[in-house]
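> Dropping in structure29.json, which is JSON, C-alpha atoms:
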```json
[["chain", "number", "residue", "atom", "x", "y", "z"],
["Z", 1, "MET", "CA", -44.82, -27.67, -28.20],
["Z", 2, "LYS", "CA", -46.47, -28.25, -31.44],
["Z", 3, "GLN", "CA", -46.62, -25.41, -33.92],
["Z", 4, "ALA", "CA", -49.98, -24.90, -35.52],
["Z", 5, "LYS", "CA", -50.03, -25.18, -39.30],
["Z", 6, "GLY", "CA", -49.62, -21.80, -40.88],
["Z", 7, "GLY", "CA", -49.69, -20.11, -37.45],
["Z", 8, "ARG", "CA", -47.03, -18.59, -35.33],
["Z", 9, "TRP", "CA", -45.04, -20.36, -32.63],
["Z", 10, "GLY", "CA", -47.04, -20.89, -29.48],
["Z", 11, "GLN", "CA", -50.40, -20.34, -31.10],
["Z", 12, "GLY", "CA", -52.86, -22.96, -30.03],
["Z", 13, "TRP", "CA", -51.24, -23.63, -26.65],
["Z", 14, "THR", "CA", -53.67, -24.10, -23.86],
["Z", 15, "LEU", "CA", -54.00, -21.55, -21.11],
["Z", 16, "ARG", "CA", -52.77, -24.14, -18.61],
["Z", 17, "PHE", "CA", -49.60, -24.79, -20.64],
["Z", 18, "ARG", "CA", -48.86, -21.05, -21.04],
["Z", 19, "PHE", "CA", -49.39, -20.49, -17.32],
["Z", 20, "ALA", "CA", -46.98, -23.36, -16.51],
["Z", 21, "LEU", "CA", -44.42, -21.94, -18.96],
["Z", 22, "TRP", "CA", -44.67, -18.46, -17.40],
["Z", 23, "THR", "CA", -44.43, -19.87, -13.89],
["Z", 24, "ALA", "CA", -41.35, -21.93, -14.79],
["Z", 25, "SER", "CA", -39.75, -18.88, -16.44],
["Z", 26, "LEU", "CA", -40.37, -16.73, -13.37],
["Z", 27, "LEU", "CA", -38.98, -19.40, -11.06],
["Z", 28, "LEU", "CA", -35.90, -19.82, -13.26],
["Z", 29, "THR", "CA", -35.35, -16.05, -13.28],
["Z", 30, "ALA", "CA", -35.76, -15.88, -9.50],
["Z", 31, "LEU", "CA", -33.31, -18.77, -9.05],
["Z", 32, "VAL", "CA", -30.71, -17.15, -11.31],
["Z", 33, "LEU", "CA", -31.05, -13.80, -9.50],
["Z", 34, "PHE", "CA", -30.83, -15.50, -6.11],
["Z", 35, "SER", "CA", -27.75, -17.45, -7.25],
["Z", 36, "VAL", "CA", -26.04, -14.25, -8.39],
["Z", 37, "PHE", "CA", -26.90, -12.58, -5.07],
["Z", 38, "VAL", "CA", -25.52, -15.53, -3.05],
["Z", 39, "TYR", "CA", -22.33, -15.69, -5.14],
["Z", 40, "VAL", "CA", -21.60, -11.95, -4.89],
["Z", 41, "THR", "CA", -22.34, -11.90, -1.15],
["Z", 42, "VAL", "CA", -20.11, -14.90, -0.41],
["Z", 43, "LYS", "CA", -17.32, -13.53, -2.62],
["Z", 44, "GLN", "CA", -17.35, -10.18, -0.79],
["Z", 45, "SER", "CA", -17.41, -11.95, 2.57],
["Z", 46, "LEU", "CA", -14.44, -14.18, 1.67],
["Z", 47, "TYR", "CA", -12.35, -11.27, 0.41],
["Z", 48, "ARG", "CA", -13.24, -9.19, 3.47],
["Z", 49, "SER", "CA", -12.13, -12.08, 5.68],
["Z", 50, "VAL", "CA", -8.78, -12.32, 3.85],
["Z", 51, "GLU", "CA", -8.29, -8.57, 4.18],
["Z", 52, "ASP", "CA", -9.13, -8.60, 7.89],
["Z", 53, "THR", "CA", -6.60, -11.41, 8.42],
["Z", 54, "LEU", "CA", -3.92, -9.49, 6.52],
["Z", 55, "ARG", "CA", -4.61, -6.25, 8.38],
["Z", 56, "SER", "CA", -4.50, -7.84, 11.85],
["Z", 57, "ASN", "CA", -1.35, -9.83, 11.11],
["Z", 58, "ALA", "CA", 0.38, -6.74, 9.70],
["Z", 59, "LEU", "CA", -0.42, -4.88, 12.89],
["Z", 60, "GLN", "CA", 0.84, -7.74, 15.04],
["Z", 61, "ALA", "CA", 4.08, -8.25, 13.11],
["Z", 62, "SER", "CA", 4.75, -4.50, 12.86],
["Z", 63, "GLY", "CA", 4.65, -4.45, 16.65],
["Z", 64, "LEU", "CA", 7.77, -6.63, 16.65],
["Z", 65, "VAL", "CA", 9.78, -3.95, 14.87],
["Z", 66, "GLU", "CA", 11.73, -1.42, 16.86],
["Z", 67, "VAL", "CA", 13.29, 1.79, 15.63],
["Z", 68, "GLU", "CA", 16.77, 2.92, 16.64],
["Z", 69, "ASP", "CA", 18.22, 6.20, 15.42],
["Z", 70, "GLY", "CA", 15.41, 6.54, 12.87],
["Z", 71, "GLU", "CA", 16.19, 3.13, 11.30],
["Z", 72, "LEU", "CA", 14.31, -0.16, 11.50],
["Z", 73, "ASP", "CA", 15.69, -2.60, 14.04],
["Z", 74, "LEU", "CA", 14.32, -5.90, 12.79],
["Z", 75, "PRO", "CA", 13.28, -8.75, 15.12],
["Z", 76, "ASP", "CA", 15.94, -11.07, 16.45],
["Z", 77, "GLU", "CA", 16.26, -14.69, 15.35],
["Z", 78, "GLN", "CA", 14.18, -16.19, 18.19],
["Z", 79, "ILE", "CA", 11.23, -13.93, 17.38],
["Z", 80, "GLU", "CA", 11.73, -14.67, 13.67],
["Z", 81, "ILE", "CA", 11.26, -18.39, 14.27],
["Z", 82, "GLN", "CA", 8.09, -17.83, 16.32],
["Z", 83, "VAL", "CA", 6.61, -15.38, 13.80],
["Z", 84, "TYR", "CA", 7.58, -17.49, 10.79],
["Z", 85, "THR", "CA", 5.99, -20.60, 12.28],
["Z", 86, "LYS", "CA", 2.75, -18.76, 13.03],
["Z", 87, "LEU", "CA", 2.62, -17.10, 9.60],
["Z", 88, "ALA", "CA", 3.50, -20.32, 7.77],
["Z", 89, "LEU", "CA", 0.67, -22.16, 9.54],
["Z", 90, "GLN", "CA", -1.74, -19.45, 8.34],
["Z", 91, "GLY", "CA", -0.33, -19.46, 4.79],
["Z", 92, "LEU", "CA", 0.86, -15.87, 5.13],
["Z", 93, "VAL", "CA", 3.93, -14.08, 3.88],
["Z", 94, "PHE", "CA", 5.36, -11.15, 5.78],
["Z", 95, "ARG", "CA", 8.16, -8.82, 4.76],
["Z", 96, "PHE", "CA", 9.76, -5.58, 5.83],
["Z", 97, "LEU", "CA", 10.96, -3.12, 3.19],
["Z", 98, "ASP", "CA", 12.95, 0.06, 3.33],
["Z", 99, "LEU", "CA", 11.61, 3.26, 1.75],
["Z", 100, "ASP", "CA", 13.27, 2.38, -1.57],
["Z", 101, "GLY", "CA", 11.36, -0.91, -1.75],
["Z", 102, "THR", "CA", 14.30, -3.16, -0.94],
["Z", 103, "VAL", "CA", 13.21, -6.25, 1.00],
["Z", 104, "LEU", "CA", 15.05, -6.25, 4.33],
["Z", 105, "LEU", "CA", 13.48, -9.33, 5.88],
["Z", 106, "SER", "CA", 10.95, -11.82, 4.55],
["Z", 107, "TYR", "CA", 9.05, -14.80, 6.00],
["Z", 108, "GLY", "CA", 6.84, -17.32, 4.27],
["Z", 109, "ASP", "CA", 6.32, -19.23, 1.07],
["Z", 110, "TYR", "CA", 6.02, -16.35, -1.40],
["Z", 111, "GLN", "CA", 9.30, -14.59, -0.66],
["Z", 112, "ALA", "CA", 9.87, -14.19, -4.42],
["Z", 113, "LEU", "CA", 6.68, -12.12, -4.66],
["Z", 114, "PRO", "CA", 7.47, -9.11, -6.84],
["Z", 115, "VAL", "CA", 7.45, -5.69, -5.21],
["Z", 116, "HIS", "CA", 4.19, -3.94, -6.11],
["Z", 117, "GLU", "CA", 5.19, -0.36, -6.93],
["Z", 118, "PRO", "CA", 1.71, 1.29, -6.60],
["Z", 119, "SER", "CA", 1.43, -0.13, -3.07],
["Z", 120, "LEU", "CA", 4.90, 1.20, -2.19],
["Z", 121, "ASP", "CA", 3.98, 4.63, -3.54],
["Z", 122, "ALA", "CA", 0.86, 4.67, -1.36],
["Z", 123, "ALA", "CA", 2.88, 3.57, 1.70],
["Z", 124, "ARG", "CA", 5.35, 6.38, 1.06],
["Z", 125, "GLN", "CA", 2.32, 8.69, 1.27],
["Z", 126, "GLU", "CA", 1.54, 7.02, 4.63],
["Z", 127, "GLN", "CA", -1.49, 5.14, 3.27],
["Z", 128, "SER", "CA", -2.24, 1.45, 3.69],
["Z", 129, "THR", "CA", -3.45, -0.40, 0.59],
["Z", 130, "PHE", "CA", -4.65, -3.76, -0.64],
["Z", 131, "ALA", "CA", -3.67, -5.16, -4.04],
["Z", 132, "THR", "CA", -4.07, -8.45, -5.86],
["Z", 133, "VAL", "CA", -0.76, -9.54, -7.39],
["Z", 134, "SER", "CA", -0.17, -12.18, -10.06],
["Z", 135, "SER", "CA", 3.19, -13.58, -10.97],
["Z", 136, "PRO", "CA", 4.45, -16.43, -13.17],
["Z", 137, "LEU", "CA", 6.32, -17.70, -10.11],
["Z", 138, "LEU", "CA", 3.10, -18.04, -8.13],
["Z", 139, "ALA", "CA", 0.43, -20.69, -8.50],
["Z", 140, "GLY", "CA", -2.32, -18.07, -8.59],
["Z", 141, "ASP", "CA", -3.24, -14.66, -7.30],
["Z", 142, "VAL", "CA", -2.00, -13.32, -3.98],
["Z", 143, "ARG", "CA", -3.73, -10.62, -1.92],
["Z", 144, "LEU", "CA", -1.19, -8.11, -0.64],
["Z", 145, "TYR", "CA", -1.58, -5.61, 2.20],
["Z", 146, "THR", "CA", 1.00, -2.84, 2.38],
["Z", 147, "THR", "CA", 1.22, -0.48, 5.33],
["Z", 148, "PRO", "CA", 3.71, 2.19, 6.38],
["Z", 149, "ILE", "CA", 5.73, 1.85, 9.58],
["Z", 150, "ILE", "CA", 5.65, 5.24, 11.26],
["Z", 151, "TYR", "CA", 7.75, 6.20, 14.26],
["Z", 152, "GLN", "CA", 7.40, 9.60, 15.95],
["Z", 153, "ASP", "CA", 5.43, 11.00, 13.00],
["Z", 154, "ARG", "CA", 8.11, 9.89, 10.54],
["Z", 155, "LEU", "CA", 7.96, 7.14, 7.93],
["Z", 156, "VAL", "CA", 10.76, 4.66, 8.67],
["Z", 157, "GLY", "CA", 9.79, 1.57, 6.67],
["Z", 158, "ILE", "CA", 7.10, -0.46, 4.98],
["Z", 159, "ALA", "CA", 5.46, -3.71, 6.02],
["Z", 160, "GLN", "CA", 3.70, -6.11, 3.67],
["Z", 161, "VAL", "CA", 1.58, -9.17, 4.40],
["Z", 162, "ALA", "CA", 0.35, -11.47, 1.64],
["Z", 163, "GLN", "CA", -1.92, -14.48, 1.41],
["Z", 164, "SER", "CA", -2.67, -16.78, -1.50],
["Z", 165, "LEU", "CA", -6.17, -16.54, -2.92],
["Z", 166, "ALA", "CA", -6.10, -20.18, -4.08],
["Z", 167, "GLU", "CA", -8.37, -21.40, -1.28],
["Z", 168, "THR", "CA", -10.78, -18.50, -1.80],
["Z", 169, "GLY", "CA", -10.84, -19.18, -5.54],
["Z", 170, "SER", "CA", -11.47, -22.88, -4.93],
["Z", 171, "THR", "CA", -14.37, -22.10, -2.60],
["Z", 172, "LEU", "CA", -15.90, -19.74, -5.15],
["Z", 173, "ALA", "CA", -15.48, -22.30, -7.95],
["Z", 174, "ASN", "CA", -17.29, -24.93, -5.84],
["Z", 175, "LEU", "CA", -20.06, -22.45, -5.09],
["Z", 176, "ARG", "CA", -20.43, -21.60, -8.81],
["Z", 177, "LEU", "CA", -20.66, -25.30, -9.62],
["Z", 178, "ALA", "CA", -23.32, -25.87, -6.97],
["Z", 179, "LEU", "CA", -25.37, -22.88, -8.11],
["Z", 180, "VAL", "CA", -25.17, -23.78, -11.79],
["Z", 181, "ALA", "CA", -25.96, -27.43, -11.05],
["Z", 182, "SER", "CA", -29.08, -26.42, -9.13],
["Z", 183, "ILE", "CA", -30.66, -24.66, -12.15],
["Z", 184, "PRO", "CA", -31.51, -27.87, -14.09],
["Z", 185, "LEU", "CA", -33.18, -29.25, -10.98],
["Z", 186, "LEU", "CA", -35.96, -26.71, -11.49]]
```
Translate the structure described by the file into structure tokens.


Amino acid sequence: MKQAKGGRWGQGWTLRFRFALWTASLLLTALVLFSVFVYVTVKQSLYRSVEDTLRSNALQASGLVEVEDGELDLPDEQIEIQVYTKLALQGLVFRFLDLDGTVLLSYGDYQALPVHEPSLDAARQEQSTFATVSSPLLAGDVRLYTTPIIYQDRLVGIAQVAQSLAETGSTLANLRLALVASIPLL
């Protein structure tokens, strides 16, 4: 990459060298675009998987709740132990809330998870929502699924399921490292 005396940069390069430079630039651009595509696709897939897990577990745990006289009748202790064990093995947190947002019953490691008001407002409107919650008490972000508990066309409570995004974040960090490390190999 010698600069010709008194000339501009690149002047005097052979056609073969310029062709190699253009080819390498195009390959580098293609690799960067492919890396971005792979990263975005994997990230969406991982988050979709977390959300599917949260949604199915919320449905399953909400099935354990009964309603008596328009009030939530929470699961008995034997069911609590079975549910807690299953949720703990999956790294999930599950809690039942009343319409005011007071936690009535909670299972799992993130019981101190703060109540997410926008999610409660949506549940009061009978809408299910996802939110990512951060807290100084937590070792990272937590994905939260909030869904209303409806009995005979009436809102009687709110269910929330949460899962740490630490494993997802770790997987994405490893993928970023692998993609960035592959660029110099070109």

> As a PyMOL selection string, please: the residues near Ile183 of chain Z (cut-off 10 Å, only C-alpha atoms, same-chain neighbours under 3 positions excluded).

chain Z and resi 27-29+31-32+35+178-180+186

> Mind giving me the straight-line distance from atom CA of Asp109 of chain Z to atom CA of Tyr151 of chain Z in Å, one decimal?

28.7 Å

> Go through Z:Asp141, Z:Leu120, Z:Gln60, Z:Ala162 one by one, measure the shortest atom-to-atom distance of each to Gly101 of chain Z using only C-alpha atoms, and give the residue with the smallest value.

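The shortest atom-to-atom distance to Gly101 of chain Z comes from Z:Leu120.
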
> One decimal, in Å: what's the spacing between atom CA of Leu54 of chain Z and atom CA of Asp98 of chain Z?

19.6 Å

> Contacts of Phe130 of chain Z at 7 Å or less, counting all atoms listed in the file, minus same-chain residues fewer than 2 places along, as a compact mmCIF listing (two decimals) with C-alpha atoms, in the coordinates of the input?


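result-v4.txt was written with the following content:
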```txt
# COMPACT_ATOMS: atom_id res chain seq x y z
CA LEU Z 144 -1.19 -8.11 -0.64
CA TYR Z 145 -1.58 -5.61 2.20
CA THR Z 146 1.00 -2.84 2.38
```

> Show me, as JSON, the centre and edge lengths in Å to one decimal of the axis-aligned box that covers every listed atom of segment 99-113 of chain Z with 8 Å on each side.


```
{"center_x": 10.5, "center_y": -8.0, "center_z": 0.7, "size_x": 25.0, "size_y": 38.5, "size_z": 26.7}
```

> Just the residues within 10 Å of Leu72 of chain Z, please, counting all atoms listed in the file, with nothing from its chain fewer than 6 positions along; format it as a VMD selection string.

chain Z and resid 65 to 66 96 to 98 104 149 151 156 to 158

> Have a look at atom CA of Gln90 of chain Z and atom CA of Glu71 of chain Z and let me know their distance in Å, one decimal.

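Separating atom CA of Gln90 of chain Z from atom CA of Glu71 of chain Z is a distance of 29.0 Å.
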
> With distances taken over only C-alpha atoms, which of Z:Trp13, Z:Glu126, Z:Lys43, Z:Gln160 is nearest to Ser106 of chain Z?

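Checking each of Z:Trp13, Z:Glu126, Z:Lys43, Z:Gln160 against Ser106 of chain Z, counting only C-alpha atoms, the winner is Z:Gln160.
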
> Give me, as a CSV table (one decimal) with C-alpha atoms, in the coordinates of the input, all polymer residues having an atom no more than 10 Å from Val36 of chain Z, counting all atoms listed in the file and skipping those fewer than 6 positions away in the same chain.


```
chain,number,residue,atom,x,y,z
Z,30,ALA,CA,-35.8,-15.9,-9.5
Z,42,VAL,CA,-20.1,-14.9,-0.4
Z,176,ARG,CA,-20.4,-21.6,-8.8
Z,179,LEU,CA,-25.4,-22.9,-8.1
```

> Taking into account only C-alpha atoms, which residue in the set Z:Pro114, Z:Gly140, Z:Pro184, Z:Gly63 is nearest to Leu165 of chain Z?

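Result for the nearest residue to Leu165 of chain Z: Z:Gly140.
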
> Please work out which residues fall within 9 Å of (-7.7, -13.1, 4.1), coordinates as given in the file, with all atoms listed in the file counting, and return them as a PyMOL selection string.

chain Z and resi 46-55+143+162-165+168
